[in-house]
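Reviewing the structure listed below.
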Amino acid sequence: MHTEKYDNLNTLKKTFETISTFDTAIAKNLFGAYLISVGYNKEKKVAYLKFYEPKSKRIFFWYDETGHNPYCLSDLKPDELKQIDNLITHPGFDHFEIVEKYDPLKDKFSKLTKIVTKDPASIGGQGGGRHIRDIIPKAWEANIRYYESYMYDRGLIPCMPYDVKEGKIVKSGYRVSDELLKEINSLFKDEDREFLDYINQWIDLFECPVPDFRRVAVDIEVSSPVRTRVPNPETASEPIVAISLIGSDGFGKNLLLKRDGVKEGNEKLPEGVKVEYYDREDEMLLEVFKTLLDYPIVLTFNGDDFDLPYIYHRAEKIGFPREKIPIEVGRDATLLKYGIHIDLYKFFFNRSMQIYAFSRKYTEVTLDAISRALLGTGKIKIEKPISELTYSELANYCIQDATITLDLTRFSDNLVMRLITVLSRISRLSMEDVTRQGVSGWIKSLMYFEHRKRNWLIPRLEDILEIKGVTSTKAIIEGKKYRGATVVKPSPGVHFNVAVLDFASLYPSIIKRWNLSYETVLCSHKECKDNVIPETPYWVCRKRKGITSLVIGSLRDLRVKWYKLKSKDKNLSSALRNWYDVIQCSLKVILNASYGVFGAEIFAFYCPPVAESTASIGRYLINKTIEEAQKLGIEVVYGDTDSVFLENPSAKQIDELTKWSRESLGMELDVDKTYRYSVFSTRKKNYLGVYPDGSVDIKGLTGKKKNTPNFLQSAFIEMTKTLGEVKTPKDFEDAKEKIKRIVKECYTKMKRGEYKLEDLAFNVTMGKSTEGYIKTTPQHVKAARQLSETGYDIKPGDIISFVKVIGSPGVKPTQLASSQEIDSEKYMNYIESTFEQVLDAIGLDFNEIIGLTRLESFLWGENYTNKQ
DNA sequence: GCGGACTGCTTACCT
DNA sequence: ACAGGTAAGCAGTCCGCG
């Protein structure tokens, strides 16, 4: 037994040796290898890069040999710094250098002292000991992670291809065709050199191909004695009983730990997956380690917090020496020694991804919910705890999890891998970092890169705040920092032929057109003070182009004028259209957040006046547009932030309005969509529009909300389908009759208790843990607490399904309720308020409909139809 | 001691 | 951990009521 283990450990050791030989030997010369990760090696005290070489589909390491060192900046001279206690005697201190940098807040060049250190931890960080940034009075650029600083200084862009020649890194030979460059540049004839430079820089990143990333999905199962308790990865006290490894290259393995009393079972297992049984857990883990040392990219779902740390601690527990485990457990991520680890949970958890890239297709961030929404298949449902499954049941379950994890990166032509690639290129963050950070981190990193490229001093957060101050407007919502967008009161009723016009990418356009940036708003020049921003006390610089204005403006223009159009261009191959769609979608995610970050305290360039100016100009634009529309004799029936809804405008009127916008506002106002007709109640952000093809666009209405019970959602959808059939005002009368019947039927079925319990359930998300609700106890929390008592483990983000029942406390989890206790009174009120949002707009009265139902059931029976 | 008016909390949505 | 604006339902509180 011992010999066996020893042999296997030797195999592992050999694998390690192979890697360490090729990483130093072969990375001397590489051709077209993608830079996918970067880190800091504590032993060698240098930054290292991981390249993915697409032919061999392997990782190559490259350790810095340029002598780059960590540093921060000070406004004191070296002589002054020498006087400070503990600075030059600090063990990490290396030397001083004088540098000259442009200070964007002061609009002048300044001499600064670069304090160069032997290692990044001396400047700052989590670790104990005195940090240089705390020793000196004011430190600049002292909060940037060293390996990022390294990338910015060297101008290296992640997910781009490079050649390594005799140990030197050079940009790879691929080039965008002159033809394409010309075509795109011709769209920007009127722009100046500075703007065009940005455009061309982006084209270079976007046109560069994406390699096929060889990757493997990993999923483990742990046998837990208690069904409702999730095993703890730190103690790792229970054995790992199954591991699935599913590769993008056709590789597939399921490893099972042999245990007493477990039956074989008779599930049919997926083809192409090899099942291996292990007597010993250490041998099984060894097999996993081989895979982790083979694949350049490892995918998990929640592997940062569960699978990988569990494997690590379990391996340690059963006797593996730490340094032999190819996993590195960190504070906020679990990474790999050889390849890179992408935790898809973190990626899909990102709100911006959820909303803008996947248009809210999934609302619950679980492997099951996401894969159901995006792939059409979910996890395998199991009724028993893991410990009671047969081998084949367990294998099937585990294989399915790893398979859908891999498939989440494969569907729609590897959409997710390509999104990660593009976002990594834009944000200048490695694949590992870009998938773990939010939009504010991406934009921060991009801005840092641009500052270093221009030799600009990166401002300190407190300096921006001190110079630019806080806000001047008052928010409508209590507790918010400044006033946001305007929402126009809708004109209630039905409006035929509605054209919806909107400003393409409103806030980014404002940032570009008004030259907004943290350094240009409230700039230091007297001459600019009359260049005021409407309805604010702010002015904006005329002398220099703002960095944000250029960066965001160029991205906006490329999305609106090129990539969005080309993603729908039927003259292009579907593969190219698809790629352009990935780009425009990535841009959308970044652009949508570009204004908000300036109003977010956590953002490194937090500058409330920039956010406030953007919102203020937005209000000014929509108000002016409404005025102008009215001057042109068009009725504006609704508007929100960047859009106006025009009732039955002529083509000429639309032309005039968009021309006016272009010429006097300098803004592109386009027809976004047209409705055959639209239905408004008195409520803002609540309406329904019918497109020319009869499909129905529903916004904000209760009937569409995800927490609304199914029975009511279905009845509501049925009603909107009827509305979709209406072509002319005349058709309305028939539709109204149909709608009355739908509402009536829903009401009577409810009353007679004909709906199933699950269809009556409200589904509400837990915003926090059950104990987190202190001020009030909402209904879903009451239900959640009942579930907790029955042994369920309720976590934030879980969706609680509950029904309204008679008696106290009025709600019950659906799992624990029975049909007899349903409080039909409550449901009837809910039906009423849901339909009312549409009924009063189309001239129907809920009570009248219901009143007729009563009469009808008493006097005429089921076949009666009312002719009003 | 009860009920209506009110405020505040919470979720889900829109742009 | 991008922003603010809106709707809705319920929980909890206050106040009048001789």
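Residue numbering restarts at 1 in every chain; chains get A, B, ... in the order shown in the structure tokens, and ligands count up from 1 in that same order.
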
Which residues of chain B have any atom within 7 Å of an atom in chain A when counting only C-alpha atoms (C1' of nucleotides), and what is the closest pair of atoms for each, with the distance in Å to one decimal? Order the rows by chain and rising number and write it as a tab-separated table.
```
residue	atom	partner	partner_atom	distance
B:DC9	C1'	A:Thr776	CA	6.6
B:DC13	C1'	A:Gly700	CA	5.5
B:DC14	C1'	A:Lys685	CA	5.6
B:DT15	C1'	A:Thr641	CA	5.6
```

Go ahead and dump the residues you just picked, N, CA and C atoms (P, O5', C5', C4', C3', O3' and C1' of nucleotides), as a PDB file, in the first residue's frame.
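In the end it all went to selection-v3.pdb:
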```
ATOM      1  P    DC B   9     -36.601  52.453   7.297  1.00  0.00           P
ATOM      2  O5'  DC B   9     -36.970  51.011   6.741  1.00  0.00           O
ATOM      3  C5'  DC B   9     -37.558  50.054   7.627  1.00  0.00           C
ATOM      4  C4'  DC B   9     -37.927  48.833   6.821  1.00  0.00           C
ATOM      5  C3'  DC B   9     -36.806  48.316   5.918  1.00  0.00           C
ATOM      6  O3'  DC B   9     -36.669  46.937   6.180  1.00  0.00           O
ATOM      7  C1'  DC B   9     -38.807  48.576   4.674  1.00  0.00           C
ATOM      8  P    DC B  13     -38.461  41.467 -11.842  1.00  0.00           P
ATOM      9  O5'  DC B  13     -38.451  42.876 -12.599  1.00  0.00           O
ATOM     10  C5'  DC B  13     -39.653  43.504 -12.936  1.00  0.00           C
ATOM     11  C4'  DC B  13     -39.469  44.994 -12.940  1.00  0.00           C
ATOM     12  C3'  DC B  13     -38.603  45.560 -14.058  1.00  0.00           C
ATOM     13  O3'  DC B  13     -39.399  45.722 -15.216  1.00  0.00           O
ATOM     14  C1'  DC B  13     -38.465  46.796 -12.028  1.00  0.00           C
ATOM     15  P    DC B  14     -38.645  46.117 -16.597  1.00  0.00           P
ATOM     16  O5'  DC B  14     -38.385  47.683 -16.479  1.00  0.00           O
ATOM     17  C5'  DC B  14     -39.486  48.597 -16.461  1.00  0.00           C
ATOM     18  C4'  DC B  14     -38.947  50.001 -16.655  1.00  0.00           C
ATOM     19  C3'  DC B  14     -37.971  50.096 -17.828  1.00  0.00           C
ATOM     20  O3'  DC B  14     -38.348  51.147 -18.700  1.00  0.00           O
ATOM     21  C1'  DC B  14     -36.960  50.936 -15.838  1.00  0.00           C
ATOM     22  P    DT B  15     -37.686  51.137 -20.170  1.00  0.00           P
ATOM     23  O5'  DT B  15     -36.369  52.005 -19.948  1.00  0.00           O
ATOM     24  C5'  DT B  15     -36.493  53.428 -19.900  1.00  0.00           C
ATOM     25  C4'  DT B  15     -35.166  54.017 -19.566  1.00  0.00           C
ATOM     26  C3'  DT B  15     -34.001  53.466 -20.379  1.00  0.00           C
ATOM     27  O3'  DT B  15     -33.925  54.146 -21.619  1.00  0.00           O
ATOM     28  C1'  DT B  15     -33.419  53.826 -18.078  1.00  0.00           C
TER      29       DT B  15
END
```

- For segment 185-199 of chain A, list every protein, DNA or RNA residue within 8 Å, evaluated using only C-alpha atoms (C1' of nucleotides), and leave out those in the same chain fewer than 6 positions away; present the list as a ChimeraX atom specification. /A:550-551,554-555,558,561

- For chain C, report every residue with an atom at most 9 Å from chain A (counting only C-alpha atoms (C1' of nucleotides)), formatted as a ChimeraX atom specification. /C:1-8,10-12

- Task: Looking only at alpha helix (DSSP H) from DSSP on the backbone, list the matching residues of segment 695-735 of chain A as a list of chain:residue names.
- Result: A:Asn710, A:Phe711, A:Leu712, A:Gln713, A:Ser714, A:Ala715, A:Phe716, A:Ile717, A:Glu718, A:Met719, A:Thr720, A:Lys721, A:Thr722, A:Leu723, A:Gly724, A:Phe732, A:Glu733, A:Asp734, A:Ala735

- Item | Near-Asp823 of chain A list (10 Å; only C-alpha atoms (C1' of nucleotides); drop same-chain fewer than 3 positions) as a PyMOL selection string | chain A and resi 751+803-807+810-811+819-820+826-828

Just the selected residues (N, CA, C and O atoms), exported as a PDB file, in the first residue's frame, please.
```pdb
ATOM      1  N   LYS A 751     -61.455  31.298  -7.317  1.00  0.00           N
ATOM      2  CA  LYS A 751     -62.497  31.217  -6.298  1.00  0.00           C
ATOM      3  C   LYS A 751     -62.900  29.769  -6.035  1.00  0.00           C
ATOM      4  O   LYS A 751     -63.155  29.374  -4.905  1.00  0.00           O
ATOM      5  N   VAL A 803     -47.299  30.613  -0.248  1.00  0.00           N
ATOM      6  CA  VAL A 803     -48.685  30.921  -0.601  1.00  0.00           C
ATOM      7  C   VAL A 803     -49.330  31.673   0.554  1.00  0.00           C
ATOM      8  O   VAL A 803     -48.859  31.607   1.687  1.00  0.00           O
ATOM      9  N   LYS A 804     -50.386  32.415   0.238  1.00  0.00           N
ATOM     10  CA  LYS A 804     -51.103  33.161   1.277  1.00  0.00           C
ATOM     11  C   LYS A 804     -52.190  32.268   1.836  1.00  0.00           C
ATOM     12  O   LYS A 804     -53.001  31.717   1.090  1.00  0.00           O
ATOM     13  N   VAL A 805     -52.195  32.126   3.159  1.00  0.00           N
ATOM     14  CA  VAL A 805     -53.148  31.216   3.793  1.00  0.00           C
ATOM     15  C   VAL A 805     -53.960  31.955   4.861  1.00  0.00           C
ATOM     16  O   VAL A 805     -53.582  33.025   5.328  1.00  0.00           O
ATOM     17  N   ILE A 806     -55.066  31.333   5.217  1.00  0.00           N
ATOM     18  CA  ILE A 806     -55.948  31.912   6.228  1.00  0.00           C
ATOM     19  C   ILE A 806     -55.308  31.770   7.612  1.00  0.00           C
ATOM     20  O   ILE A 806     -54.597  30.794   7.878  1.00  0.00           O
ATOM     21  N   GLY A 807     -55.539  32.757   8.450  1.00  0.00           N
ATOM     22  CA  GLY A 807     -55.028  32.700   9.823  1.00  0.00           C
ATOM     23  C   GLY A 807     -53.637  33.297   9.937  1.00  0.00           C
ATOM     24  O   GLY A 807     -53.036  33.699   8.949  1.00  0.00           O
ATOM     25  N   GLY A 810     -50.443  34.173   8.094  1.00  0.00           N
ATOM     26  CA  GLY A 810     -50.941  34.548   6.774  1.00  0.00           C
ATOM     27  C   GLY A 810     -50.190  33.964   5.582  1.00  0.00           C
ATOM     28  O   GLY A 810     -50.663  34.034   4.467  1.00  0.00           O
ATOM     29  N   VAL A 811     -49.000  33.415   5.851  1.00  0.00           N
ATOM     30  CA  VAL A 811     -48.247  32.794   4.749  1.00  0.00           C
ATOM     31  C   VAL A 811     -47.697  31.436   5.168  1.00  0.00           C
ATOM     32  O   VAL A 811     -47.494  31.185   6.362  1.00  0.00           O
ATOM     33  N   SER A 819     -54.004  22.962  -0.183  1.00  0.00           N
ATOM     34  CA  SER A 819     -54.961  23.768  -0.936  1.00  0.00           C
ATOM     35  C   SER A 819     -56.090  24.317  -0.073  1.00  0.00           C
ATOM     36  O   SER A 819     -56.619  25.396  -0.346  1.00  0.00           O
ATOM     37  N   GLN A 820     -56.468  23.544   0.962  1.00  0.00           N
ATOM     38  CA  GLN A 820     -57.625  23.948   1.764  1.00  0.00           C
ATOM     39  C   GLN A 820     -57.410  25.268   2.516  1.00  0.00           C
ATOM     40  O   GLN A 820     -58.352  25.978   2.815  1.00  0.00           O
ATOM     41  N   LYS A 826     -57.387  37.269  -0.408  1.00  0.00           N
ATOM     42  CA  LYS A 826     -56.116  37.944  -0.704  1.00  0.00           C
ATOM     43  C   LYS A 826     -55.763  37.813  -2.187  1.00  0.00           C
ATOM     44  O   LYS A 826     -55.313  38.753  -2.814  1.00  0.00           O
ATOM     45  N   TYR A 827     -55.964  36.602  -2.705  1.00  0.00           N
ATOM     46  CA  TYR A 827     -55.616  36.356  -4.096  1.00  0.00           C
ATOM     47  C   TYR A 827     -56.497  37.161  -5.041  1.00  0.00           C
ATOM     48  O   TYR A 827     -56.044  37.645  -6.070  1.00  0.00           O
ATOM     49  N   MET A 828     -57.791  37.311  -4.665  1.00  0.00           N
ATOM     50  CA  MET A 828     -58.688  38.070  -5.534  1.00  0.00           C
ATOM     51  C   MET A 828     -58.238  39.516  -5.623  1.00  0.00           C
ATOM     52  O   MET A 828     -58.270  40.114  -6.693  1.00  0.00           O
TER      53      MET A 828
END
```

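Taking only C-alpha atoms (C1' of nucleotides), the non-local environment of Thr674 of chain A within 9 Å (same-chain residues fewer than 4 positions away omitted) comprises Asn497, Val498, Ala499, Val500, Leu501, Gly689, Val690, Tyr691 and Pro692 of chain A.
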
- Identify which of the residues A:Ser37, A:Ser661, A:Ser371, A:Thr748 lies closest to Phe61 of chain A, counting only C-alpha atoms when measuring atom-to-atom distances. A:Ser37

- DSSP-assigned strand (DSSP E or B) among segment 188-263 of chain A, expressed as a ChimeraX atom specification: /A:215-222,240-247,252-257

Filtering to N, CA and C atoms, could you give me those residues as a PDB file, in the first residue's frame?
```pdb
ATOM      1  N   ARG A 215      -9.769  23.524 -22.365  1.00  0.00           N
ATOM      2  CA  ARG A 215     -10.182  23.708 -20.971  1.00  0.00           C
ATOM      3  C   ARG A 215     -10.878  22.481 -20.429  1.00  0.00           C
ATOM      4  N   VAL A 216     -10.961  22.417 -19.113  1.00  0.00           N
ATOM      5  CA  VAL A 216     -11.604  21.272 -18.465  1.00  0.00           C
ATOM      6  C   VAL A 216     -12.488  21.782 -17.321  1.00  0.00           C
ATOM      7  N   ALA A 217     -13.675  21.184 -17.222  1.00  0.00           N
ATOM      8  CA  ALA A 217     -14.558  21.552 -16.113  1.00  0.00           C
ATOM      9  C   ALA A 217     -14.411  20.526 -15.006  1.00  0.00           C
ATOM     10  N   VAL A 218     -14.355  21.007 -13.786  1.00  0.00           N
ATOM     11  CA  VAL A 218     -14.160  20.124 -12.638  1.00  0.00           C
ATOM     12  C   VAL A 218     -15.324  20.272 -11.664  1.00  0.00           C
ATOM     13  N   ASP A 219     -15.827  19.147 -11.185  1.00  0.00           N
ATOM     14  CA  ASP A 219     -16.865  19.197 -10.155  1.00  0.00           C
ATOM     15  C   ASP A 219     -16.639  18.043  -9.185  1.00  0.00           C
ATOM     16  N   ILE A 220     -16.785  18.320  -7.890  1.00  0.00           N
ATOM     17  CA  ILE A 220     -16.610  17.243  -6.911  1.00  0.00           C
ATOM     18  C   ILE A 220     -17.890  17.042  -6.102  1.00  0.00           C
ATOM     19  N   GLU A 221     -18.041  15.847  -5.568  1.00  0.00           N
ATOM     20  CA  GLU A 221     -19.139  15.571  -4.641  1.00  0.00           C
ATOM     21  C   GLU A 221     -18.532  15.061  -3.341  1.00  0.00           C
ATOM     22  N   VAL A 222     -19.087  15.566  -2.242  1.00  0.00           N
ATOM     23  CA  VAL A 222     -18.608  15.173  -0.929  1.00  0.00           C
ATOM     24  C   VAL A 222     -19.749  14.509  -0.200  1.00  0.00           C
ATOM     25  N   ILE A 240     -14.037  12.990  -0.341  1.00  0.00           N
ATOM     26  CA  ILE A 240     -14.544  13.330  -1.671  1.00  0.00           C
ATOM     27  C   ILE A 240     -14.908  12.007  -2.309  1.00  0.00           C
ATOM     28  N   VAL A 241     -16.164  11.856  -2.708  1.00  0.00           N
ATOM     29  CA  VAL A 241     -16.590  10.544  -3.196  1.00  0.00           C
ATOM     30  C   VAL A 241     -16.693  10.465  -4.710  1.00  0.00           C
ATOM     31  N   ALA A 242     -16.762  11.618  -5.360  1.00  0.00           N
ATOM     32  CA  ALA A 242     -16.822  11.591  -6.823  1.00  0.00           C
ATOM     33  C   ALA A 242     -16.213  12.860  -7.386  1.00  0.00           C
ATOM     34  N   ILE A 243     -15.538  12.714  -8.521  1.00  0.00           N
ATOM     35  CA  ILE A 243     -14.962  13.868  -9.208  1.00  0.00           C
ATOM     36  C   ILE A 243     -15.204  13.686 -10.699  1.00  0.00           C
ATOM     37  N   SER A 244     -15.749  14.724 -11.321  1.00  0.00           N
ATOM     38  CA  SER A 244     -15.904  14.671 -12.776  1.00  0.00           C
ATOM     39  C   SER A 244     -14.983  15.672 -13.431  1.00  0.00           C
ATOM     40  N   LEU A 245     -14.354  15.217 -14.500  1.00  0.00           N
ATOM     41  CA  LEU A 245     -13.445  16.063 -15.268  1.00  0.00           C
ATOM     42  C   LEU A 245     -13.898  15.978 -16.715  1.00  0.00           C
ATOM     43  N   ILE A 246     -14.428  17.075 -17.246  1.00  0.00           N
ATOM     44  CA  ILE A 246     -14.926  17.042 -18.620  1.00  0.00           C
ATOM     45  C   ILE A 246     -14.182  18.103 -19.421  1.00  0.00           C
ATOM     46  N   GLY A 247     -13.476  17.649 -20.461  1.00  0.00           N
ATOM     47  CA  GLY A 247     -12.631  18.557 -21.223  1.00  0.00           C
ATOM     48  C   GLY A 247     -13.275  19.032 -22.522  1.00  0.00           C
ATOM     49  N   GLY A 252     -13.045  12.942 -20.930  1.00  0.00           N
ATOM     50  CA  GLY A 252     -14.111  12.855 -19.936  1.00  0.00           C
ATOM     51  C   GLY A 252     -13.854  11.734 -18.964  1.00  0.00           C
ATOM     52  N   LYS A 253     -13.799  12.063 -17.684  1.00  0.00           N
ATOM     53  CA  LYS A 253     -13.537  11.044 -16.688  1.00  0.00           C
ATOM     54  C   LYS A 253     -14.421  11.278 -15.485  1.00  0.00           C
ATOM     55  N   ASN A 254     -14.873  10.182 -14.888  1.00  0.00           N
ATOM     56  CA  ASN A 254     -15.534  10.300 -13.602  1.00  0.00           C
ATOM     57  C   ASN A 254     -14.833   9.378 -12.629  1.00  0.00           C
ATOM     58  N   LEU A 255     -14.338   9.953 -11.541  1.00  0.00           N
ATOM     59  CA  LEU A 255     -13.606   9.167 -10.555  1.00  0.00           C
ATOM     60  C   LEU A 255     -14.521   8.907  -9.369  1.00  0.00           C
ATOM     61  N   LEU A 256     -14.586   7.645  -8.953  1.00  0.00           N
ATOM     62  CA  LEU A 256     -15.461   7.293  -7.833  1.00  0.00           C
ATOM     63  C   LEU A 256     -14.647   6.629  -6.736  1.00  0.00           C
ATOM     64  N   LEU A 257     -14.959   6.982  -5.505  1.00  0.00           N
ATOM     65  CA  LEU A 257     -14.290   6.370  -4.360  1.00  0.00           C
ATOM     66  C   LEU A 257     -15.113   5.164  -3.908  1.00  0.00           C
TER      67      LEU A 257
END
```

- Message: Please list as an NGL selection string every residue within 8 Å of Ile36 of chain A, counting only C-alpha atoms (C1' of nucleotides) and excluding residues in the same chain fewer than 5 positions away.
- Response: :A and (49-52 or 158-160 or 430-431)
